[in-house]
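Engineer: CSV, C-alpha atoms, file protein_27.csv:
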chain,number,residue,atom,x,y,z
A,30,MET,CA,-19.0,-12.7,13.0
A,31,LYS,CA,-17.7,-14.7,10.1
A,32,ILE,CA,-15.6,-12.4,7.9
A,33,LEU,CA,-14.3,-13.5,4.5
A,34,HIS,CA,-11.7,-11.3,2.8
A,35,VAL,CA,-11.1,-11.8,-1.0
A,36,ILE,CA,-8.1,-10.5,-2.9
A,37,GLU,CA,-6.3,-11.5,-6.1
A,38,ASN,CA,-3.2,-12.7,-4.2
A,39,LEU,CA,-1.1,-11.9,-1.1
A,40,ASN,CA,2.1,-10.8,-2.9
A,41,THR,CA,3.9,-7.7,-1.5
A,42,GLY,CA,1.8,-4.6,-1.8
A,43,GLY,CA,-0.2,-1.9,0.1
A,44,ALA,CA,-3.6,-3.5,-0.4
A,45,GLU,CA,-2.3,-6.8,0.7
A,46,ARG,CA,-0.7,-5.4,3.8
A,47,MET,CA,-3.8,-3.5,4.7
A,48,LEU,CA,-5.9,-6.8,4.4
A,49,ILE,CA,-3.4,-8.6,6.6
A,50,ASN,CA,-3.5,-5.9,9.3
A,51,LEU,CA,-7.3,-5.8,9.2
A,52,ALA,CA,-7.7,-9.6,9.3
A,53,ILE,CA,-5.3,-10.1,12.2
A,54,ALA,CA,-7.0,-7.3,14.2
A,55,GLN,CA,-10.5,-8.7,13.5
A,56,ALA,CA,-9.3,-12.2,14.5
A,57,GLY,CA,-7.9,-10.6,17.7
A,58,GLN,CA,-11.4,-9.4,18.5
A,59,ASP,CA,-12.7,-13.0,18.3
A,60,HIS,CA,-14.2,-12.8,14.9
A,61,GLN,CA,-13.8,-15.9,12.6
A,62,VAL,CA,-11.7,-14.7,9.7
A,63,ALA,CA,-10.7,-16.4,6.4
A,64,VAL,CA,-9.1,-15.2,3.2
A,65,ILE,CA,-9.5,-16.3,-0.4
A,66,CYS,CA,-6.9,-15.5,-3.1
A,67,LEU,CA,-8.3,-15.6,-6.6
A,68,PHE,CA,-4.9,-16.5,-8.0
A,69,GLU,CA,-1.9,-17.8,-6.1
A,70,LEU,CA,-1.3,-17.4,-2.3
A,71,GLY,CA,1.5,-15.0,-2.5
A,72,ASN,CA,4.6,-14.5,-0.4
A,73,LEU,CA,2.8,-12.7,2.4
A,74,ALA,CA,0.3,-15.5,3.1
A,75,PRO,CA,2.3,-16.9,6.0
A,76,SER,CA,1.7,-13.6,7.9
A,77,LEU,CA,-1.9,-14.9,8.2
A,78,THR,CA,-1.5,-18.6,8.4
A,79,ASP,CA,1.0,-18.2,11.2
A,80,GLN,CA,-1.8,-16.5,13.1
A,81,GLY,CA,-4.2,-19.3,12.5
A,82,ILE,CA,-6.2,-17.5,9.7
A,83,SER,CA,-7.1,-19.8,6.8
A,84,VAL,CA,-5.9,-18.7,3.4
A,85,THR,CA,-7.2,-20.5,0.3
A,86,ALA,CA,-5.9,-20.1,-3.3
A,87,CYS,CA,-8.2,-20.6,-6.3
A,88,TYR,CA,-5.4,-20.5,-8.9
A,89,LYS,CA,-7.4,-18.6,-11.5
A,90,LYS,CA,-6.2,-19.0,-15.1
A,91,PRO,CA,-6.9,-16.5,-17.9
A,92,GLY,CA,-10.5,-16.3,-18.9
A,93,PHE,CA,-13.5,-18.0,-17.3
A,94,THR,CA,-12.7,-21.5,-16.2
A,95,LEU,CA,-15.0,-24.0,-14.5
A,96,SER,CA,-12.3,-25.3,-12.2
A,97,PHE,CA,-11.7,-21.8,-10.8
A,98,ILE,CA,-15.4,-21.1,-10.3
A,99,GLY,CA,-15.9,-24.5,-8.7
A,100,LYS,CA,-13.1,-23.8,-6.2
A,101,LEU,CA,-14.4,-20.3,-5.4
A,102,CYS,CA,-18.0,-21.5,-4.9
A,103,SER,CA,-16.9,-24.4,-2.7
A,104,SER,CA,-14.7,-22.2,-0.5
A,105,VAL,CA,-17.4,-19.6,0.0
A,106,LYS,CA,-20.1,-22.3,0.7
A,107,LYS,CA,-17.8,-24.1,3.2
A,108,PHE,CA,-17.0,-20.9,5.2
A,109,SER,CA,-20.6,-19.5,5.0
A,110,PRO,CA,-19.6,-15.9,5.7
A,111,ASP,CA,-21.7,-13.2,7.4
A,112,VAL,CA,-19.5,-10.6,5.6
A,113,ILE,CA,-17.7,-10.8,2.2
A,114,HIS,CA,-15.0,-8.1,2.1
A,115,CYS,CA,-13.5,-7.7,-1.4
A,116,HIS,CA,-10.2,-5.9,-2.1
A,117,SER,CA,-10.2,-5.5,-5.9
A,118,LEU,CA,-12.7,-4.9,-8.7
A,119,MET,CA,-12.2,-8.4,-10.0
A,120,ALA,CA,-12.9,-9.9,-6.6
A,121,ASN,CA,-16.0,-7.9,-6.2
A,122,TYR,CA,-17.7,-9.0,-9.4
A,123,TYR,CA,-16.8,-12.6,-9.0
A,124,LEU,CA,-18.1,-12.6,-5.4
A,125,ALA,CA,-21.3,-10.8,-6.3
A,126,PHE,CA,-22.1,-13.8,-8.5
A,127,VAL,CA,-21.0,-16.4,-5.9
A,128,LYS,CA,-22.9,-14.6,-3.1
A,129,LEU,CA,-26.1,-14.7,-5.1
A,130,LEU,CA,-25.9,-18.5,-5.2
A,131,PHE,CA,-24.3,-19.5,-1.9
A,132,ALA,CA,-24.4,-16.6,0.6
A,133,PRO,CA,-27.4,-14.4,-0.3
A,134,ARG,CA,-27.7,-13.0,3.3
A,135,ALA,CA,-24.0,-12.0,3.6
A,136,THR,CA,-23.1,-8.3,3.6
A,137,GLN,CA,-20.7,-7.5,0.7
A,138,ILE,CA,-18.1,-4.7,1.0
A,139,LEU,CA,-15.6,-3.5,-1.5
A,140,THR,CA,-12.5,-1.6,-0.5
A,141,ARG,CA,-11.0,0.3,-3.5
A,142,HIS,CA,-7.3,0.8,-2.7
A,143,GLY,CA,-6.2,3.1,-5.6
A,144,LEU,CA,-7.2,5.2,-8.5
A,145,LEU,CA,-8.0,3.6,-11.9
A,146,ARG,CA,-5.2,3.8,-14.3
A,147,GLY,CA,-7.4,4.3,-17.4
A,148,GLY,CA,-10.3,6.6,-18.0
A,149,ASN,CA,-12.3,4.4,-20.3
A,150,ILE,CA,-15.0,1.9,-19.1
A,151,ASN,CA,-13.5,-1.4,-20.1
A,152,ARG,CA,-14.9,-4.9,-19.6
A,153,LEU,CA,-13.6,-5.2,-16.0
A,154,ASN,CA,-15.0,-1.8,-15.0
A,155,LEU,CA,-18.4,-2.7,-16.6
A,156,LEU,CA,-18.6,-6.0,-14.7
A,157,PHE,CA,-17.6,-4.2,-11.5
A,158,HIS,CA,-20.4,-1.6,-12.2
A,159,LEU,CA,-22.9,-4.4,-12.5
A,160,SER,CA,-21.6,-6.0,-9.3
A,161,LEU,CA,-22.4,-2.9,-7.3
A,162,PHE,CA,-26.1,-3.9,-7.5
A,163,MET,CA,-25.1,-6.8,-5.1
A,164,THR,CA,-22.6,-4.7,-3.1
A,165,ASP,CA,-23.7,-3.1,0.2
A,166,TRP,CA,-20.9,-0.6,0.5
A,167,ALA,CA,-18.0,0.6,-1.7
A,168,VAL,CA,-15.2,2.1,0.3
A,169,GLY,CA,-12.4,4.4,-0.9
A,170,VAL,CA,-9.2,4.4,1.2
A,171,CYS,CA,-9.0,8.2,0.7
A,172,ASP,CA,-11.3,10.9,-0.5
A,173,SER,CA,-9.8,11.0,-4.0
A,174,VAL,CA,-10.5,7.3,-4.5
A,175,SER,CA,-14.1,7.7,-3.2
A,176,GLN,CA,-14.6,10.7,-5.5
A,177,GLU,CA,-13.5,8.6,-8.5
A,178,LEU,CA,-15.9,5.9,-7.4
A,179,PHE,CA,-18.7,8.5,-7.2
A,180,ASP,CA,-17.8,10.0,-10.6
A,181,LYS,CA,-17.8,6.7,-12.4
A,182,HIS,CA,-20.7,5.0,-10.5
A,183,GLU,CA,-22.9,7.9,-9.4
A,184,PHE,CA,-26.0,5.7,-9.6
A,185,PHE,CA,-24.6,3.9,-6.5
A,186,SER,CA,-23.6,7.1,-4.7
A,187,ARG,CA,-25.4,6.3,-1.4
A,188,LYS,CA,-23.2,3.2,-1.0
A,189,ILE,CA,-19.9,5.1,-1.4
A,190,LEU,CA,-17.8,6.3,1.6
A,191,THR,CA,-14.2,6.7,2.8
A,192,ILE,CA,-12.4,4.8,5.5
A,193,ASN,CA,-8.7,5.6,5.8
A,194,ASN,CA,-6.1,2.9,6.2
A,195,GLY,CA,-4.6,2.1,9.6
A,196,ILE,CA,-1.4,0.5,10.8
A,197,ASN,CA,-0.2,-1.1,14.0
A,198,LEU,CA,1.9,1.8,15.4
A,199,ASP,CA,3.4,-0.3,18.2
A,200,THR,CA,5.5,-2.3,15.7
A,201,PHE,CA,7.4,0.8,14.4
A,202,ALA,CA,10.6,2.1,16.0
A,203,HIS,CA,11.4,5.8,15.6
A,204,HIS,CA,14.3,6.7,13.3
A,205,ASN,CA,17.5,6.2,15.3
A,206,SER,CA,21.2,6.2,14.9
A,207,HIS,CA,21.6,2.5,15.9
A,208,SER,CA,19.4,1.2,13.1
A,209,LYS,CA,21.1,3.5,10.6
A,210,SER,CA,24.5,2.3,11.7
A,211,MET,CA,23.4,-1.4,11.4
A,212,LEU,CA,22.3,-0.8,7.8
A,213,ILE,CA,25.4,1.2,6.9
A,214,ASN,CA,27.6,-1.6,8.2
A,215,SER,CA,25.7,-4.3,6.5
A,216,LEU,CA,26.0,-2.5,3.1
A,217,ASN,CA,29.6,-1.4,3.7
A,218,LEU,CA,28.7,2.3,3.3
A,219,ASP,CA,30.5,5.3,4.6
A,220,GLN,CA,29.4,6.2,8.2
A,221,ASN,CA,28.4,9.7,7.1
A,222,SER,CA,26.1,8.5,4.4
A,223,CYS,CA,22.7,10.2,4.1
A,224,ILE,CA,20.1,7.5,3.3
A,225,ILE,CA,17.1,8.2,1.0
A,226,GLY,CA,14.7,5.3,1.1
A,227,ILE,CA,11.8,4.1,-0.9
A,228,ILE,CA,9.7,0.9,-0.3
A,229,ALA,CA,7.5,0.1,-3.3
A,230,ARG,CA,7.0,-2.5,-6.1
A,231,LEU,CA,9.3,-2.0,-9.1
A,232,ASN,CA,6.5,-1.4,-11.6
A,233,PRO,CA,5.7,1.6,-13.8
A,234,VAL,CA,3.1,3.2,-11.6
A,235,LYS,CA,5.7,3.8,-8.8
A,236,ASN,CA,8.0,5.7,-11.3
A,237,HIS,CA,11.4,4.8,-9.8
A,238,GLN,CA,13.1,6.2,-12.9
A,239,LEU,CA,11.9,9.7,-11.9
A,240,LEU,CA,13.4,9.1,-8.4
A,241,ILE,CA,16.7,7.9,-9.9
A,242,ASP,CA,16.8,11.0,-12.1
A,243,ALA,CA,16.1,13.2,-9.1
A,244,PHE,CA,18.8,11.4,-7.1
A,245,SER,CA,21.4,12.1,-9.7
A,246,LEU,CA,20.7,15.8,-9.0
A,247,VAL,CA,20.8,15.2,-5.2
A,248,LYS,CA,24.1,13.4,-5.6
A,249,ALA,CA,25.7,16.4,-7.3
A,250,GLU,CA,24.8,18.6,-4.2
A,251,ILE,CA,25.2,16.0,-1.4
A,252,ALA,CA,28.0,13.7,-2.3
A,253,HIS,CA,27.6,11.3,0.6
A,254,SER,CA,23.9,10.6,-0.2
A,255,LYS,CA,22.7,7.1,-1.1
A,256,LEU,CA,19.4,5.8,-2.5
A,257,ILE,CA,18.1,2.6,-1.0
A,258,ILE,CA,15.3,0.9,-3.1
A,259,VAL,CA,13.4,-1.8,-1.3
A,260,GLY,CA,11.0,-4.0,-3.3
A,261,ASP,CA,11.0,-6.1,-6.4
A,262,GLY,CA,9.1,-6.3,-9.7
A,263,VAL,CA,9.1,-6.4,-13.4
A,264,LEU,CA,11.3,-3.3,-13.8
A,265,ARG,CA,14.1,-4.3,-11.6
A,266,GLN,CA,16.6,-5.2,-14.4
A,267,ALA,CA,15.7,-2.2,-16.4
A,268,LEU,CA,16.1,0.1,-13.4
A,269,GLU,CA,19.5,-1.5,-12.5
A,270,ASP,CA,20.6,-1.0,-16.1
A,271,TYR,CA,19.5,2.6,-16.0
A,272,THR,CA,21.6,3.4,-12.9
A,273,LYS,CA,24.6,2.0,-14.7
A,274,GLN,CA,23.9,4.3,-17.6
A,275,LEU,CA,24.0,7.2,-15.2
A,276,HIS,CA,27.1,5.8,-13.4
A,277,LEU,CA,25.1,5.6,-10.2
A,278,ASP,CA,25.2,1.8,-9.8
A,279,SER,CA,27.4,2.1,-6.7
A,280,GLU,CA,25.2,4.8,-5.2
A,281,VAL,CA,21.7,3.3,-5.8
A,282,ILE,CA,21.3,0.0,-3.9
A,283,PHE,CA,18.5,-2.5,-4.7
A,284,LEU,CA,17.6,-4.6,-1.7
A,285,GLY,CA,14.7,-6.5,-3.3
A,286,ASP,CA,11.8,-7.7,-1.1
A,287,ARG,CA,12.6,-7.6,2.6
A,288,SER,CA,10.9,-8.9,5.7
A,289,ASP,CA,12.6,-6.3,8.0
A,290,ILE,CA,10.7,-3.3,6.7
A,291,ASN,CA,10.3,-1.7,10.2
A,292,ASP,CA,14.1,-1.9,10.9
A,293,LEU,CA,14.8,-0.4,7.4
A,294,LEU,CA,12.5,2.5,7.9
A,295,ALA,CA,14.2,3.3,11.2
A,296,SER,CA,17.5,3.5,9.4
A,297,PHE,CA,16.5,6.0,6.6
A,298,ASP,CA,17.0,9.7,6.9
A,299,VAL,CA,14.2,10.6,4.5
A,300,PHE,CA,11.4,8.5,2.8
A,301,VAL,CA,10.3,9.2,-0.7
A,302,LEU,CA,7.5,8.1,-3.0
A,303,SER,CA,7.7,9.1,-6.6
A,304,SER,CA,4.4,7.4,-7.8
A,305,ASN,CA,2.2,8.4,-10.7
A,306,ASN,CA,-0.8,7.0,-8.9
A,307,GLU,CA,-1.6,6.2,-5.2
A,308,GLY,CA,-4.6,5.6,-3.0
A,309,ASN,CA,-4.0,5.9,0.8
A,310,SER,CA,-0.4,4.8,0.8
A,311,LEU,CA,0.5,2.4,3.6
A,312,ALA,CA,4.2,3.0,2.8
A,313,LEU,CA,3.9,6.7,3.7
A,314,MET,CA,1.9,5.9,6.8
A,315,GLU,CA,4.6,3.5,7.9
A,316,ALA,CA,7.3,6.1,7.2
A,317,ALA,CA,5.3,8.5,9.3
A,318,ALA,CA,5.2,5.9,12.1
A,319,ALA,CA,9.0,5.7,11.9
A,320,SER,CA,9.2,9.5,12.5
A,321,LEU,CA,10.6,10.1,9.0
A,322,PRO,CA,10.3,13.3,7.0
A,323,MET,CA,8.7,12.4,3.6
A,324,VAL,CA,8.7,13.6,0.0
A,325,ALA,CA,5.9,12.4,-2.2
A,326,THR,CA,4.3,13.3,-5.5
A,327,ASN,CA,0.9,15.1,-5.5
A,328,VAL,CA,-1.2,12.1,-6.5
A,329,GLY,CA,-4.1,10.2,-4.9
A,330,GLY,CA,-4.2,10.6,-1.1
A,331,ASN,CA,-0.5,11.5,-0.7
A,332,ALA,CA,-1.2,15.1,0.3
A,333,THR,CA,-3.5,13.9,3.0
A,334,ILE,CA,-0.7,12.0,4.7
A,335,VAL,CA,2.2,14.3,3.9
A,336,SER,CA,1.5,17.8,5.2
A,337,HIS,CA,3.5,20.1,3.0
A,338,ASN,CA,6.2,22.0,4.9
A,339,HIS,CA,5.2,20.3,8.1
A,340,SER,CA,5.9,16.5,7.8
A,341,GLY,CA,7.7,16.8,4.5
A,342,TYR,CA,7.1,18.1,1.0
A,343,ILE,CA,4.5,17.4,-1.7
A,344,VAL,CA,5.8,17.9,-5.3
A,345,GLU,CA,4.2,17.6,-8.7
A,346,PRO,CA,4.7,14.3,-10.4
A,347,ASN,CA,7.2,13.8,-13.2
A,348,GLU,CA,9.3,16.8,-12.1
A,349,PRO,CA,12.8,15.5,-11.2
A,350,ASN,CA,14.1,19.0,-10.3
A,351,LEU,CA,11.3,19.6,-7.8
A,352,LEU,CA,11.8,16.2,-6.3
A,353,ALA,CA,15.5,16.7,-6.0
A,354,ASP,CA,15.1,20.2,-4.4
A,355,ALA,CA,12.8,18.8,-1.8
A,356,LEU,CA,15.2,15.9,-0.9
A,357,ILE,CA,18.1,18.3,-0.7
A,358,SER,CA,16.2,20.7,1.5
A,359,ILE,CA,15.5,17.9,4.0
A,360,LEU,CA,19.0,16.3,3.9
A,361,SER,CA,20.7,19.7,4.3
A,362,ASN,CA,18.7,20.8,7.4
A,363,PRO,CA,18.9,18.2,10.2
A,364,LYS,CA,16.8,20.3,12.6
A,365,LYS,CA,14.0,20.8,10.2
A,366,SER,CA,14.2,17.1,9.2
A,367,ARG,CA,13.8,16.1,12.8
A,368,GLU,CA,10.8,18.4,13.3
A,369,MET,CA,9.1,17.1,10.2
A,370,GLY,CA,9.6,13.5,11.4
A,371,GLU,CA,8.1,14.3,14.8
A,372,PHE,CA,5.1,16.0,13.1
A,373,ALA,CA,4.6,12.9,10.9
A,374,ARG,CA,4.5,10.6,13.9
A,375,ARG,CA,2.0,12.8,15.8
A,376,TRP,CA,-0.2,12.9,12.7
A,377,VAL,CA,-0.3,9.1,12.2
A,378,GLU,CA,-0.9,8.5,15.9
A,379,LYS,CA,-4.0,10.6,15.6
A,380,ASN,CA,-5.2,9.6,12.2
A,381,GLY,CA,-3.7,6.2,11.2
A,382,SER,CA,-4.2,3.6,13.9
A,383,ILE,CA,-5.2,0.0,13.1
A,384,GLU,CA,-7.8,0.2,16.0
A,385,ALA,CA,-9.6,3.1,14.4
A,386,MET,CA,-9.7,1.4,10.9
A,387,THR,CA,-10.8,-2.0,12.4
A,388,ASN,CA,-13.6,-0.5,14.5
A,389,THR,CA,-14.9,1.6,11.6
A,390,TYR,CA,-15.1,-1.5,9.3
A,391,LEU,CA,-16.8,-3.6,11.9
A,392,ALA,CA,-19.4,-0.9,12.5
A,393,LEU,CA,-20.0,-0.8,8.7
A,394,TYR,CA,-20.4,-4.5,8.6
A,395,ARG,CA,-23.0,-4.4,11.3
A,396,HIS,CA,-24.8,-1.4,9.7
Re-express the file's structure as structure tokens.

Structural biologist:
Amino acid sequence: MKILHVIENLNTGGAERMLINLAIAQAGQDHQVAVICLFELGNLAPSLTDQGISVTACYKKPGFTLSFIGKLCSSVKKFSPDVIHCHSLMANYYLAFVKLLFAPRATQILTRHGLLRGGNINRLNLLFHLSLFMTDWAVGVCDSVSQELFDKHEFFSRKILTINNGINLDTFAHHNSHSKSMLINSLNLDQNSCIIGIIARLNPVKNHQLLIDAFSLVKAEIAHSKLIIVGDGVLRQALEDYTKQLHLDSEVIFLGDRSDINDLLASFDVFVLSSNNEGNSLALMEAAAASLPMVATNVGGNATIVSHNHSGYIVEPNEPNLLADALISILSNPKKSREMGEFARRWVEKNGSIEAMTNTYLALYRH
């Protein structure tokens, strides 16, 4: 089967990592796989090209440009896909148009990775709605995303379903003292430090400021706690300035984008996600794979991954006191923390494997 994935770019993010995991797994089952990026390639593109998977950038500019459309049409026509799998609203409506001209027999799938951030039907959402006439299946990565698709596009309800994300569990080491010691030594921290970690883009939807506010309360109770922030983005300077205002600049450590995510996860004591909006968070699934207790806001599919009181705590968004209390509870009870981490690993082994996700998508393509 010839499978073409289409996304805006392959910069660091959950949707991008999901695409990479799925494309590599599909190629491993002897399918011919290629990827088109509407904009630039992105820093994660080598994860695919190193595996022999073709990645093409169309370098879209603002507005509707003939050079972009020409590049997109040429790439689709050259690959001649059996399946076109889109990973954003924009990708879906552009590919619906291109499919009509150059791949009318191809199956078109959309995966919606998160909830919409605005309730109004704007131009993008209208174009996406129209593109659903040419789309065979619209997939939400969790039930809340699928429900939003249903609510906004009820006319196409028969095409909407849920397929949960999956990860390669074999690549994740369990939380261990050696990994933690390596991180502590590399950052010149005290050996008794308690490490709170988050891996997420530094953009408004991830609400790192809420986490920093909560951490200031944690710090007052657990003096040897540290907050490690992994990721980069438009808010980095503002967040670094904010930690200085709170006199936490030596306690909150910004690591930027990292390629050693699996090692970092194994070194954390607790994983936290303070988002205002999520779909089926790969970051939480990866934390579960590393046997970490988790604290996450009650948005999107977070409560599906984090079982409250079992693998961690779910707290209401924009409540720094509740977030702080949950983190303090985990850090102050090592036995409970360990039990939560073990529960998280068992859950993701049962519900979050790359094999299950890959086989479900392949069955959908064939159907």

Engineer: Compile the contact shell of Lys248 (chain A) as a ChimeraX atom specification: residues with an atom at most 12 Å away, counting only C-alpha atoms, same-chain residues fewer than 2 positions apart removed.

Structural biologist: /A:222-225,240-246,250-256,275-277,279-281,353-354,356-357,360

Engineer: One decimal, in Å: what's the spacing between CA of Gln58 (chain A) and CA of Lys188 (chain A)?

Structural biologist: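 According to the coordinates, CA of Gln58 (chain A) and CA of Lys188 (chain A) are separated by 26.0 Å.
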
Engineer: Determine, for each residue of region 244-351 of chain A having at least one atom at most 8 Å from an atom of region 373-395 of chain A, the closest pair of atoms and their separation in Å to one decimal, counting all atoms listed in the file; order by chain and ascending number, as JSON lines.

Structural biologist:
{"residue": "A:Met314", "atom": "CA", "partner": "A:Val377", "partner_atom": "CA", "distance": 6.7}
{"residue": "A:Ala317", "atom": "CA", "partner": "A:Ala373", "partner_atom": "CA", "distance": 4.7}
{"residue": "A:Ala318", "atom": "CA", "partner": "A:Arg374", "partner_atom": "CA", "distance": 5.1}
{"residue": "A:Ala319", "atom": "CA", "partner": "A:Arg374", "partner_atom": "CA", "distance": 6.9}
{"residue": "A:Ser320", "atom": "CA", "partner": "A:Arg374", "partner_atom": "CA", "distance": 5.0}
{"residue": "A:Leu321", "atom": "CA", "partner": "A:Ala373", "partner_atom": "CA", "distance": 6.9}
{"residue": "A:Pro322", "atom": "CA", "partner": "A:Ala373", "partner_atom": "CA", "distance": 6.9}
{"residue": "A:Val335", "atom": "CA", "partner": "A:Ala373", "partner_atom": "CA", "distance": 7.5}
{"residue": "A:His339", "atom": "CA", "partner": "A:Ala373", "partner_atom": "CA", "distance": 7.9}
{"residue": "A:Ser340", "atom": "CA", "partner": "A:Ala373", "partner_atom": "CA", "distance": 4.9}

Engineer: Taking only C-alpha atoms into account, name the residue in A:Asp289, A:Ser296, A:Ile82, A:His34 that is nearest to Asn214 (chain A).

Structural biologist: A:Ser296

Engineer: Which residue, A:Asn217, A:Gly308, A:Phe131, A:Leu39, has the smallest gap to Ser175 (chain A) when you use all atoms listed in the file?

Structural biologist: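 Counting all atoms listed in the file, the residue closest to Ser175 (chain A) is A:Gly308.
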
Engineer: Distance CA of Asn309 (chain A)-CA of Thr272 (chain A), one decimal place?

Structural biologist: 29.1 Å

Engineer: Nearest to Pro346 (chain A): which of A:His203, A:Arg287, A:Lys235, A:Lys100 is it, counting only C-alpha atoms?

Structural biologist: A:Lys235

Engineer: Taking only C-alpha atoms into account, name the residue in A:Asp270, A:Leu311, A:Arg187, A:Thr200 that is nearest to Ala229 (chain A).

Structural biologist: A:Leu311

Engineer: Just the number, please: distance in Å from CA of Gln137 (chain A) to CA of Thr164 (chain A), one decimal.

Structural biologist: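 Separating CA of Gln137 (chain A) from CA of Thr164 (chain A) is a distance of 5.1 Å.
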
Engineer: A:Thr85, A:Gln80, A:Ser104, A:Ser304: which is nearest Ala54 (chain A), counting all atoms listed in the file?

Structural biologist: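 Closest to Ala54 (chain A) of all the choices is A:Gln80.
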
Engineer: With all atoms listed in the file as the counted atoms, please give the residues lying no more than 10 Å from region 67-75 of chain A, apart from itself and same-chain residues fewer than 4 positions off, as number ranges by chain.

Structural biologist: A: 35-42, 45-46, 49, 79-90, 97-98, 100-101, 119-120, 123, 286, 288

Engineer: Looking at A:Leu145, A:Leu178, A:Leu231, A:Ala267, which one is nearest to Asn306 (chain A), with distances taken over all atoms listed in the file?

Structural biologist: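 Ranked by minimum distance to Asn306 (chain A), first place goes to A:Leu145.
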
Engineer: List every protein, DNA or RNA residue that has at least one atom no more than 9 Å from (16.8, 2.2, 11.5) in the file's coordinates, counting only C-alpha atoms, and write the result as a ChimeraX atom specification.

Structural biologist: /A:202-212,291-298,319

Engineer: What lies within 7 Å of Ile113 (chain A) using all atoms listed in the file, ignoring chain neighbours under 6 positions off, as a ChimeraX atom specification?

Structural biologist: /A:32-34,135-138

Engineer: Dump C-alpha atoms for the selected residues as an mmCIF file, in the frame of the given file?

Structural biologist:
data_model
loop_
_atom_site.group_PDB
_atom_site.id
_atom_site.type_symbol
_atom_site.label_atom_id
_atom_site.label_comp_id
_atom_site.auth_asym_id
_atom_site.auth_seq_id
_atom_site.Cartn_x
_atom_site.Cartn_y
_atom_site.Cartn_z
ATOM 1 C CA ILE A 32 -15.600 -12.400 7.900
ATOM 2 C CA LEU A 33 -14.300 -13.500 4.500
ATOM 3 C CA HIS A 34 -11.700 -11.300 2.800
ATOM 4 C CA ALA A 135 -24.000 -12.000 3.600
ATOM 5 C CA THR A 136 -23.100 -8.300 3.600
ATOM 6 C CA GLN A 137 -20.700 -7.500 0.700
ATOM 7 C CA ILE A 138 -18.100 -4.700 1.000
#
